[in-house]
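Participant: Can you keep this structure in mind? I'll have questions shortly.
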Amino acid sequence: MGVKERRRAPDDIRALTFDVQGTCADFCRPLLATGEAVNRSKGLALDWGALSAEWRGLYRDVLDAIIAGRRPWLRVDRIYRETLDVLLDRHGLAATFTTAERDGINEVWSRLDPWPDSVEGLARLRRRFVTSTLSNAGMGTMVAVVKHAGLPFDAVLTAELARSYKPAPAVYQLAVDYLGYRPEQIMMVACHKYDLK
């Protein structure tokens, strides 16, 4: 923002849209806990911190390919499931996991835990602003996360409604179209730099 550009007064903001995975809910600990459970049940010693980072990277690559039009649109839960297969194949673990076990691992994305201050913070913000998710997750997954984590949102919006993914402008336009405020009255809250940009 330029020095001469007027900073928007907080009174101008009417709605807050939130990324959820990473911003309001912790995906790291649930992924690590799922990985530890898998290691115990399978007698493995896999580094699930490194594997989950690689899995997220594969997921991001697919999102970017969809945004660029190199791949047809696919719901995020299916992207995570597809990239889990790629990840396991890449590490020579394809024969180690059944389809049902892979599906079970993939369900972690619907059972994310809130950050310790998320529920209280959102409840306080909701007294003054309309609050909404604006996530790349699919609608079903986001509803499951919001319910599991007890996140108090007024609305649930996801990229699935635009059939694209952030940072494509069409996804951010959802907030304008569905919440009924002008773009300058809506603030994006996120821990991801692409969202904030």
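Residue numbers start at 1 in each chain; chains themselves are named A, B, ... in the order of the structure tokens; ligands are numbered from 1 in the order shown.
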If you run DSSP on the backbone here, which positions in chain A get strand (DSSP E or B)? Please write them as a VMD selection string.
Facilitator: chain A and resid 15 to 18 21 25 to 26 113 to 114 130 to 135 155 to 158 186 to 189
Participant: Please dump the current selection as a PDB file, in the first residue's frame; keep N, CA, C and O atoms.
Facilitator:
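So selection.pdb came out as:
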ATOM      1  N   ALA A  15     -17.501  -7.609   6.278  1.00  0.00           N
ATOM      2  CA  ALA A  15     -17.411  -9.076   6.287  1.00  0.00           C
ATOM      3  C   ALA A  15     -15.953  -9.510   6.307  1.00  0.00           C
ATOM      4  O   ALA A  15     -15.093  -8.859   5.721  1.00  0.00           O
ATOM      5  N   LEU A  16     -15.725 -10.618   6.984  1.00  0.00           N
ATOM      6  CA  LEU A  16     -14.405 -11.241   7.032  1.00  0.00           C
ATOM      7  C   LEU A  16     -14.536 -12.638   6.436  1.00  0.00           C
ATOM      8  O   LEU A  16     -15.390 -13.416   6.859  1.00  0.00           O
ATOM      9  N   THR A  17     -13.715 -12.927   5.442  1.00  0.00           N
ATOM     10  CA  THR A  17     -13.700 -14.269   4.870  1.00  0.00           C
ATOM     11  C   THR A  17     -12.406 -14.950   5.311  1.00  0.00           C
ATOM     12  O   THR A  17     -11.344 -14.329   5.340  1.00  0.00           O
ATOM     13  N   PHE A  18     -12.519 -16.198   5.669  1.00  0.00           N
ATOM     14  CA  PHE A  18     -11.394 -16.914   6.252  1.00  0.00           C
ATOM     15  C   PHE A  18     -11.001 -18.127   5.429  1.00  0.00           C
ATOM     16  O   PHE A  18     -11.843 -18.958   5.090  1.00  0.00           O
ATOM     17  N   GLN A  21      -8.064 -24.157   6.424  1.00  0.00           N
ATOM     18  CA  GLN A  21      -6.996 -25.138   6.634  1.00  0.00           C
ATOM     19  C   GLN A  21      -5.662 -24.414   6.836  1.00  0.00           C
ATOM     20  O   GLN A  21      -5.097 -23.855   5.907  1.00  0.00           O
ATOM     21  N   ALA A  25      -7.859 -23.750  11.437  1.00  0.00           N
ATOM     22  CA  ALA A  25      -7.731 -25.138  11.893  1.00  0.00           C
ATOM     23  C   ALA A  25      -6.328 -25.651  11.590  1.00  0.00           C
ATOM     24  O   ALA A  25      -5.733 -25.319  10.564  1.00  0.00           O
ATOM     25  N   ASP A  26      -5.838 -26.444  12.483  1.00  0.00           N
ATOM     26  CA  ASP A  26      -4.502 -27.021  12.400  1.00  0.00           C
ATOM     27  C   ASP A  26      -4.576 -28.324  11.607  1.00  0.00           C
ATOM     28  O   ASP A  26      -5.283 -29.243  12.004  1.00  0.00           O
ATOM     29  N   ASP A 113      -8.570 -30.028  13.650  1.00  0.00           N
ATOM     30  CA  ASP A 113      -8.838 -29.430  14.959  1.00  0.00           C
ATOM     31  C   ASP A 113      -8.629 -27.924  14.885  1.00  0.00           C
ATOM     32  O   ASP A 113      -7.738 -27.444  14.177  1.00  0.00           O
ATOM     33  N   PRO A 114      -9.425 -27.164  15.655  1.00  0.00           N
ATOM     34  CA  PRO A 114      -9.235 -25.708  15.648  1.00  0.00           C
ATOM     35  C   PRO A 114      -7.950 -25.341  16.381  1.00  0.00           C
ATOM     36  O   PRO A 114      -7.505 -26.059  17.274  1.00  0.00           O
ATOM     37  N   VAL A 130     -19.886 -10.023   9.518  1.00  0.00           N
ATOM     38  CA  VAL A 130     -20.329 -11.280   8.930  1.00  0.00           C
ATOM     39  C   VAL A 130     -19.056 -12.090   8.719  1.00  0.00           C
ATOM     40  O   VAL A 130     -18.059 -11.576   8.193  1.00  0.00           O
ATOM     41  N   THR A 131     -19.077 -13.340   9.131  1.00  0.00           N
ATOM     42  CA  THR A 131     -17.899 -14.188   8.963  1.00  0.00           C
ATOM     43  C   THR A 131     -18.245 -15.366   8.058  1.00  0.00           C
ATOM     44  O   THR A 131     -19.321 -15.938   8.155  1.00  0.00           O
ATOM     45  N   SER A 132     -17.302 -15.685   7.182  1.00  0.00           N
ATOM     46  CA  SER A 132     -17.523 -16.772   6.233  1.00  0.00           C
ATOM     47  C   SER A 132     -16.224 -17.492   5.944  1.00  0.00           C
ATOM     48  O   SER A 132     -15.153 -16.879   5.934  1.00  0.00           O
ATOM     49  N   THR A 133     -16.326 -18.777   5.680  1.00  0.00           N
ATOM     50  CA  THR A 133     -15.168 -19.482   5.146  1.00  0.00           C
ATOM     51  C   THR A 133     -15.000 -19.042   3.695  1.00  0.00           C
ATOM     52  O   THR A 133     -15.959 -18.619   3.041  1.00  0.00           O
ATOM     53  N   LEU A 134     -13.789 -19.135   3.195  1.00  0.00           N
ATOM     54  CA  LEU A 134     -13.507 -18.992   1.762  1.00  0.00           C
ATOM     55  C   LEU A 134     -12.304 -19.890   1.507  1.00  0.00           C
ATOM     56  O   LEU A 134     -11.162 -19.465   1.489  1.00  0.00           O
ATOM     57  N   SER A 135     -12.597 -21.146   1.379  1.00  0.00           N
ATOM     58  CA  SER A 135     -11.592 -22.206   1.381  1.00  0.00           C
ATOM     59  C   SER A 135     -11.512 -22.905   0.037  1.00  0.00           C
ATOM     60  O   SER A 135     -12.476 -22.939  -0.716  1.00  0.00           O
ATOM     61  N   ALA A 155     -21.457 -18.150   7.317  1.00  0.00           N
ATOM     62  CA  ALA A 155     -21.640 -18.734   5.987  1.00  0.00           C
ATOM     63  C   ALA A 155     -20.459 -19.647   5.670  1.00  0.00           C
ATOM     64  O   ALA A 155     -19.362 -19.474   6.207  1.00  0.00           O
ATOM     65  N   VAL A 156     -20.711 -20.600   4.790  1.00  0.00           N
ATOM     66  CA  VAL A 156     -19.661 -21.495   4.308  1.00  0.00           C
ATOM     67  C   VAL A 156     -19.572 -21.336   2.793  1.00  0.00           C
ATOM     68  O   VAL A 156     -20.517 -21.686   2.075  1.00  0.00           O
ATOM     69  N   LEU A 157     -18.467 -20.768   2.342  1.00  0.00           N
ATOM     70  CA  LEU A 157     -18.189 -20.632   0.910  1.00  0.00           C
ATOM     71  C   LEU A 157     -16.904 -21.374   0.612  1.00  0.00           C
ATOM     72  O   LEU A 157     -15.954 -21.319   1.394  1.00  0.00           O
ATOM     73  N   THR A 158     -16.901 -22.077  -0.510  1.00  0.00           N
ATOM     74  CA  THR A 158     -15.677 -22.762  -0.917  1.00  0.00           C
ATOM     75  C   THR A 158     -15.468 -22.598  -2.414  1.00  0.00           C
ATOM     76  O   THR A 158     -16.391 -22.268  -3.165  1.00  0.00           O
ATOM     77  N   ILE A 186     -14.977  -6.198   2.261  1.00  0.00           N
ATOM     78  CA  ILE A 186     -14.697  -7.583   2.641  1.00  0.00           C
ATOM     79  C   ILE A 186     -13.196  -7.750   2.832  1.00  0.00           C
ATOM     80  O   ILE A 186     -12.409  -7.357   1.973  1.00  0.00           O
ATOM     81  N   MET A 187     -12.818  -8.347   3.939  1.00  0.00           N
ATOM     82  CA  MET A 187     -11.408  -8.588   4.220  1.00  0.00           C
ATOM     83  C   MET A 187     -11.137 -10.089   4.212  1.00  0.00           C
ATOM     84  O   MET A 187     -11.910 -10.864   4.761  1.00  0.00           O
ATOM     85  N   MET A 188     -10.046 -10.467   3.562  1.00  0.00           N
ATOM     86  CA  MET A 188      -9.609 -11.862   3.548  1.00  0.00           C
ATOM     87  C   MET A 188      -8.657 -12.080   4.710  1.00  0.00           C
ATOM     88  O   MET A 188      -7.734 -11.303   4.914  1.00  0.00           O
ATOM     89  N   VAL A 189      -8.903 -13.142   5.486  1.00  0.00           N
ATOM     90  CA  VAL A 189      -8.048 -13.497   6.611  1.00  0.00           C
ATOM     91  C   VAL A 189      -7.433 -14.855   6.288  1.00  0.00           C
ATOM     92  O   VAL A 189      -8.163 -15.819   6.055  1.00  0.00           O
TER      93      VAL A 189
END
Participant: Fewer than 6 positions away in the same chain doesn't count, so skip those; otherwise give me all residues within 12 Å of range 57-64 of chain A, counting only C-alpha atoms, as a short mmCIF file (atom, residue, chain, number, x, y, z; two decimals) with N, CA and C atoms, in the first residue's frame.
Facilitator:
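Output below, filename out.cif:
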data_model
loop_
_atom_site.label_atom_id
_atom_site.label_comp_id
_atom_site.auth_asym_id
_atom_site.auth_seq_id
_atom_site.Cartn_x
_atom_site.Cartn_y
_atom_site.Cartn_z
N ALA A 50 7.57 -35.06 6.95
CA ALA A 50 8.08 -34.89 5.58
C ALA A 50 7.05 -35.36 4.56
N LEU A 51 6.39 -36.49 4.83
CA LEU A 51 5.40 -37.01 3.89
C LEU A 51 4.22 -36.05 3.73
N ARG A 70 -4.76 -26.75 -17.40
CA ARG A 70 -4.06 -27.94 -17.88
C ARG A 70 -4.72 -29.23 -17.42
N ARG A 71 -5.63 -29.12 -16.46
CA ARG A 71 -6.38 -30.27 -15.96
C ARG A 71 -7.82 -29.86 -15.79
N PRO A 72 -8.76 -30.78 -15.95
CA PRO A 72 -10.16 -30.45 -15.66
C PRO A 72 -10.36 -30.28 -14.16
N TRP A 73 -11.41 -29.55 -13.80
CA TRP A 73 -11.71 -29.30 -12.40
C TRP A 73 -12.00 -30.62 -11.68
N LEU A 74 -11.55 -30.70 -10.45
CA LEU A 74 -11.72 -31.88 -9.62
C LEU A 74 -11.84 -31.38 -8.18
N ARG A 75 -12.77 -31.95 -7.41
CA ARG A 75 -12.96 -31.55 -6.02
C ARG A 75 -11.70 -31.85 -5.20
N VAL A 76 -11.45 -31.02 -4.19
CA VAL A 76 -10.22 -31.14 -3.40
C VAL A 76 -10.08 -32.50 -2.73
N ASP A 77 -11.16 -33.06 -2.21
CA ASP A 77 -11.02 -34.36 -1.55
C ASP A 77 -10.52 -35.41 -2.53
N ARG A 78 -10.94 -35.31 -3.77
CA ARG A 78 -10.45 -36.25 -4.79
C ARG A 78 -9.00 -35.95 -5.16
N ILE A 79 -8.63 -34.66 -5.13
CA ILE A 79 -7.23 -34.30 -5.41
C ILE A 79 -6.32 -34.85 -4.32
N TYR A 80 -6.73 -34.67 -3.07
CA TYR A 80 -5.91 -35.21 -1.98
C TYR A 80 -5.80 -36.73 -2.08
N ARG A 81 -6.89 -37.39 -2.46
CA ARG A 81 -6.86 -38.86 -2.56
C ARG A 81 -5.96 -39.30 -3.70
N GLU A 82 -6.06 -38.61 -4.84
CA GLU A 82 -5.21 -38.92 -6.00
C GLU A 82 -3.74 -38.70 -5.66
N THR A 83 -3.44 -37.59 -5.00
CA THR A 83 -2.05 -37.29 -4.70
C THR A 83 -1.51 -38.18 -3.58
N LEU A 84 -2.39 -38.69 -2.72
CA LEU A 84 -1.94 -39.68 -1.73
C LEU A 84 -1.44 -40.93 -2.45
N ASP A 85 -2.15 -41.36 -3.48
CA ASP A 85 -1.69 -42.51 -4.26
C ASP A 85 -0.33 -42.24 -4.89
N VAL A 86 -0.16 -41.04 -5.45
CA VAL A 86 1.13 -40.66 -6.05
C VAL A 86 2.23 -40.71 -4.99
N LEU A 87 1.94 -40.15 -3.84
CA LEU A 87 2.91 -40.10 -2.74
C LEU A 87 3.33 -41.50 -2.31
N LEU A 88 2.35 -42.37 -2.10
CA LEU A 88 2.67 -43.73 -1.67
C LEU A 88 3.44 -44.49 -2.74
N ARG A 90 5.39 -43.17 -5.00
CA ARG A 90 6.72 -42.54 -5.07
C ARG A 90 7.65 -43.11 -4.01
N ASN A 136 -10.36 -23.49 -0.23
CA ASN A 136 -10.21 -24.34 -1.41
C ASN A 136 -10.85 -25.70 -1.22
N ALA A 137 -11.15 -26.06 0.02
CA ALA A 137 -11.77 -27.36 0.28
C ALA A 137 -13.16 -27.42 -0.36
N ALA A 159 -14.25 -22.87 -2.82
CA ALA A 159 -13.86 -22.76 -4.22
C ALA A 159 -14.70 -23.65 -5.12
N GLU A 160 -15.29 -24.70 -4.55
CA GLU A 160 -16.14 -25.60 -5.34
C GLU A 160 -17.26 -24.84 -6.04
N ARG A 163 -15.78 -23.57 -9.11
CA ARG A 163 -15.12 -24.60 -9.89
C ARG A 163 -13.73 -24.15 -10.34
N SER A 164 -13.04 -23.54 -9.40
CA SER A 164 -11.66 -23.12 -9.57
C SER A 164 -11.01 -23.16 -8.19
N TYR A 165 -9.82 -22.61 -8.07
CA TYR A 165 -9.13 -22.62 -6.79
C TYR A 165 -8.40 -21.31 -6.56
N LYS A 166 -8.27 -20.95 -5.29
CA LYS A 166 -7.49 -19.77 -4.95
C LYS A 166 -6.04 -20.03 -5.36
N PRO A 167 -5.39 -19.04 -5.94
CA PRO A 167 -5.73 -17.63 -5.96
C PRO A 167 -6.46 -17.15 -7.22
N ALA A 168 -7.22 -17.97 -7.90
CA ALA A 168 -8.01 -17.50 -9.05
C ALA A 168 -9.02 -16.45 -8.57
N TYR A 194 -0.54 -16.31 -0.84
CA TYR A 194 -1.30 -16.12 -2.07
C TYR A 194 -2.69 -15.57 -1.78
#
Participant: Just the residues within 12 Å of Val108 in chain A, please, counting only C-alpha atoms, with nothing from its chain fewer than 4 positions along; format it as number ranges by chain.
Facilitator: A: 21, 26-35, 37, 52, 77, 80-81, 84, 101-104, 112-113, 141, 144-145, 148
Participant: Have a look at A:Phe153, A:Val20, A:Ile13, A:Ala65 and name the one nearest to Gly138 in chain A; count only C-alpha atoms.
Facilitator: A:Val20
Participant: Pick the closest to Lys197 in chain A from A:Tyr172, A:Gly121, A:Ala162, A:Arg56: which is it, counting only C-alpha atoms?
Facilitator: A:Tyr172
Participant: Which of these residues is nearest to Asp154 in chain A, using only C-alpha atoms: A:Glu184, A:Leu174, A:Ala123, A:Leu46?
Facilitator: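 Among the listed residues, A:Ala123 lies closest to Asp154 in chain A.
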Participant: What does the distance from CA of Gln185 in chain A to CA of Arg14 in chain A come to in Å, to one decimal?
Facilitator: 5.3 Å
Participant: Determine which residues of chain A receive a DSSP assignment of helix (DSSP H, G or I), computed from the backbone, and state them as number ranges by chain.
Facilitator: A: 10-12, 28-42, 48-67, 76-90, 94-96, 99-110, 118-126, 139-149, 159-161, 169-179, 183-185, 193-196
Participant: Which residue out of A:Cys24, A:Leu93, A:Val176, A:Met142 has the minimum interatomic distance to Leu44 in chain A when only C-alpha atoms are used?
Facilitator: A:Leu93
Participant: To one decimal place in Å, what is the distance between CA of Asp195 in chain A and CA of Asp19 in chain A?
Facilitator: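 These two atoms are separated by 8.0 Å.
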Participant: Which is closer to Phe97 in chain A than all the others in A:Gly140, A:Ser41, A:His192, A:Ala53, using only C-alpha atoms?
Facilitator: A:Ser41
